Every structure is written in C-alpha cells, then in structure tokens.
Amino acid sequence: HINYKDDDETLTRYYPACAELVKRVLGASEVYAFDHNVRSAALKRANEGLKGGNAVQAPLFFIHNDYSKHSAPRRIRDLSTPPKLNDTLRKILGDTPLIDPARVEELMQRRWCFVNVWRNIKEKPVQMLPL
C-alpha cells in the first residue's frame with residue numbers, strides 16, 4: 001500500500017502506477033502524471049499536512065471539471081516549462097520540464113485528454129464523501 005501522506009512516495013510509486021494504468025486501460029501511447037490532491041475531512045480538521053509540505057484538502061461536495069477548453073491547452077504548455085518553486089514535480093524533475101518543449105506543438109495536433117485517477121487512501125472502503 002502506498003503512503004499517500006508522503007509526497008515522495010506518491011511521486012515515485014503512485015505516479016508511475018497511474019501512468020501505466022492509463023496506458024493499459026485507454027491504450028494511450030504517452031502518459032504524463034503531473035498533479036495530485038489528498039482529500040480527507042478528518043485530516044483537514046486535524047490540520048494535518050503531508051510529508052513534503054503540501055496541505056490536505058477537504059472533500060468536494062459537487063461535480064466539477066478541472067480544466068476548460070482554454071485552460072487545458074495552457075496546462076500542457078505550462079508542463080513544457082521548468083516546474084515552479086512550489087510545483088510538486090520539482091522534487092523529481094528539478095528544472096527539467098515534464099514535456100519536452102520541442103514537442104508541444106506536435107502533441108497539441110494529436111488527440112489528447114486529461115484523466116483523473118482516484119484511489120482510496122485507506123485500506124477500508126470509503127463510506128461517504130468519496131471525492
């Protein structure tokens with residue numbers, strides 16, 4: 001079981017597992033894992049942070065979309081620049097962009113999508129507020 005309260009473990013074990021899952025299930029030729037949130041009402045109330053400095057977020061009570069038709073292409077372009085100081089990926093990439101800047105326009109001409117992968121952070125099933 002991955003310790004999702006540890007950013008380093010999440011980055012080195014969960015990101016690659018998510019990328020392989022998306023490749024296998026969707027038949028994707030390329031997958032870039034780039035962001036995550038840990039949501040927990042109990043941890044949020046306890047004001048408990050994650051090992052690595054990120055904050056725990058409260059569960060959401062509504063359906064939402066992370067990107068719009070304008071922000072999604074911008075996010076891909078952002079991922080072709082060096083990670084910012086507060087970017088989680090900076091821990092593993094340093095100043096190296098996740099996506100090669102020379103490939104951005106080529107990638108933008110192909111079919112692409114953002115896929116959220118959700119996992120329970122506890123061993124027992126979620127009873128309420130799954131997202």
# chains A, B, ... in the order shown; residues from 1 in each chain; ligands from 1
call {"tool": "residues_around", "arguments": {"residues": "Ala17 (chain A)", "least_positions_apart": "2", "cutoff": "12 Å", "atoms": "only C-alpha atoms", "output": "list of chain:residue names"}}
result
A:His1, A:Ile2, A:Glu9, A:Thr10, A:Leu11, A:Thr12, A:Arg13, A:Tyr14, A:Tyr15, A:Ala19, A:Glu20, A:Leu21, A:Val22, A:Lys23, A:Arg24, A:Val31, A:Tyr32, A:Ala33, A:Val117, A:Trp118, A:Arg119
call {"tool": "write_last_selection", "arguments": {"atoms": "C-alpha atoms", "output": "short mmCIF file (atom, residue, chain, number, x, y, z; two decimals), in the first residue's frame"}}
result
data_model
loop_
_atom_site.label_atom_id
_atom_site.label_comp_id
_atom_site.auth_asym_id
_atom_site.auth_seq_id
_atom_site.Cartn_x
_atom_site.Cartn_y
_atom_site.Cartn_z
CA HIS A 1 0.00 0.00 0.00
CA ILE A 2 1.33 3.43 -0.91
CA GLU A 9 6.33 8.02 -2.11
CA THR A 10 3.36 9.33 -4.08
CA LEU A 11 5.64 10.80 -6.76
CA THR A 12 7.92 7.79 -7.11
CA ARG A 13 5.37 4.97 -6.75
CA TYR A 14 1.87 6.28 -7.42
CA TYR A 15 2.59 8.50 -10.43
CA ALA A 19 0.62 6.31 -15.87
CA GLU A 20 0.76 2.55 -16.51
CA LEU A 21 -2.91 2.15 -15.58
CA VAL A 22 -4.00 4.87 -18.02
CA LYS A 23 -1.79 3.42 -20.76
CA ARG A 24 -3.19 -0.05 -20.26
CA VAL A 31 1.01 9.48 -20.36
CA TYR A 32 2.29 12.27 -18.13
CA ALA A 33 1.33 12.16 -14.44
CA VAL A 117 -7.24 8.68 -11.39
CA TRP A 118 -8.77 8.35 -7.96
CA ARG A 119 -7.79 5.92 -5.23
#
call {"tool": "closest_residue", "arguments": {"among": "A:Ala42, A:Val104, A:Met128, A:Val115", "to": "Ile76 (chain A)", "atoms": "only C-alpha atoms"}}
result
A:Val104
call {"tool": "closest_residue", "arguments": {"among": "A:Glu48, A:Glu106, A:Glu123, A:Asp35", "to": "Pro83 (chain A)", "atoms": "only C-alpha atoms"}}
result
A:Asp35
call {"tool": "closest_residue", "arguments": {"among": "A:Thr88, A:Thr96, A:Gln109, A:Asn116", "to": "Leu50 (chain A)", "atoms": "only C-alpha atoms"}}
result
A:Thr88
call {"tool": "residues_around", "arguments": {"residues": "Ala72 (chain A)", "least_positions_apart": "3", "cutoff": "12 Å", "atoms": "only C-alpha atoms", "output": "JSON, numbers by chain"}}
result
{"A": [65, 66, 67, 68, 69, 75, 76, 77, 78, 79, 108, 112, 113, 114, 115]}
call {"tool": "residues_around", "arguments": {"residues": "Leu89 (chain A)", "least_positions_apart": "2", "cutoff": "10 Å", "atoms": "only C-alpha atoms", "output": "PyMOL selection string"}}
result
chain A and resi 7-8+11+33-35+79+82-87+91-98
call {"tool": "write_last_selection", "arguments": {"atoms": "C-alpha atoms", "output": "PDB file, in the first residue's frame"}}
result
ATOM      1  CA  ASP A   7       4.743  13.201  -1.313  1.00  0.00           C
ATOM      2  CA  ASP A   8       7.981  11.435  -2.222  1.00  0.00           C
ATOM      3  CA  LEU A  11       5.642  10.802  -6.758  1.00  0.00           C
ATOM      4  CA  ALA A  33       1.333  12.163 -14.444  1.00  0.00           C
ATOM      5  CA  PHE A  34       1.668  15.668 -13.067  1.00  0.00           C
ATOM      6  CA  ASP A  35      -0.526  16.557 -10.105  1.00  0.00           C
ATOM      7  CA  LEU A  79       4.087  21.432 -18.356  1.00  0.00           C
ATOM      8  CA  PRO A  82      10.509  24.127 -15.840  1.00  0.00           C
ATOM      9  CA  PRO A  83       8.472  23.342 -12.709  1.00  0.00           C
ATOM     10  CA  LYS A  84       7.806  26.365 -10.496  1.00  0.00           C
ATOM     11  CA  LEU A  85       9.279  26.535  -6.995  1.00  0.00           C
ATOM     12  CA  ASN A  86       6.064  25.279  -5.382  1.00  0.00           C
ATOM     13  CA  ASP A  87       5.331  22.615  -8.018  1.00  0.00           C
ATOM     14  CA  LYS A  91      11.139  17.411  -6.343  1.00  0.00           C
ATOM     15  CA  ILE A  92      11.775  14.801  -9.040  1.00  0.00           C
ATOM     16  CA  LEU A  93      12.353  16.917 -12.156  1.00  0.00           C
ATOM     17  CA  GLY A  94      14.346  19.854 -10.831  1.00  0.00           C
ATOM     18  CA  ASP A  95      14.388  22.447 -13.636  1.00  0.00           C
ATOM     19  CA  THR A  96      13.582  19.899 -16.365  1.00  0.00           C
ATOM     20  CA  PRO A  97      10.115  20.277 -17.930  1.00  0.00           C
ATOM     21  CA  LEU A  98       7.834  17.237 -17.793  1.00  0.00           C
TER      22      LEU A  98
END
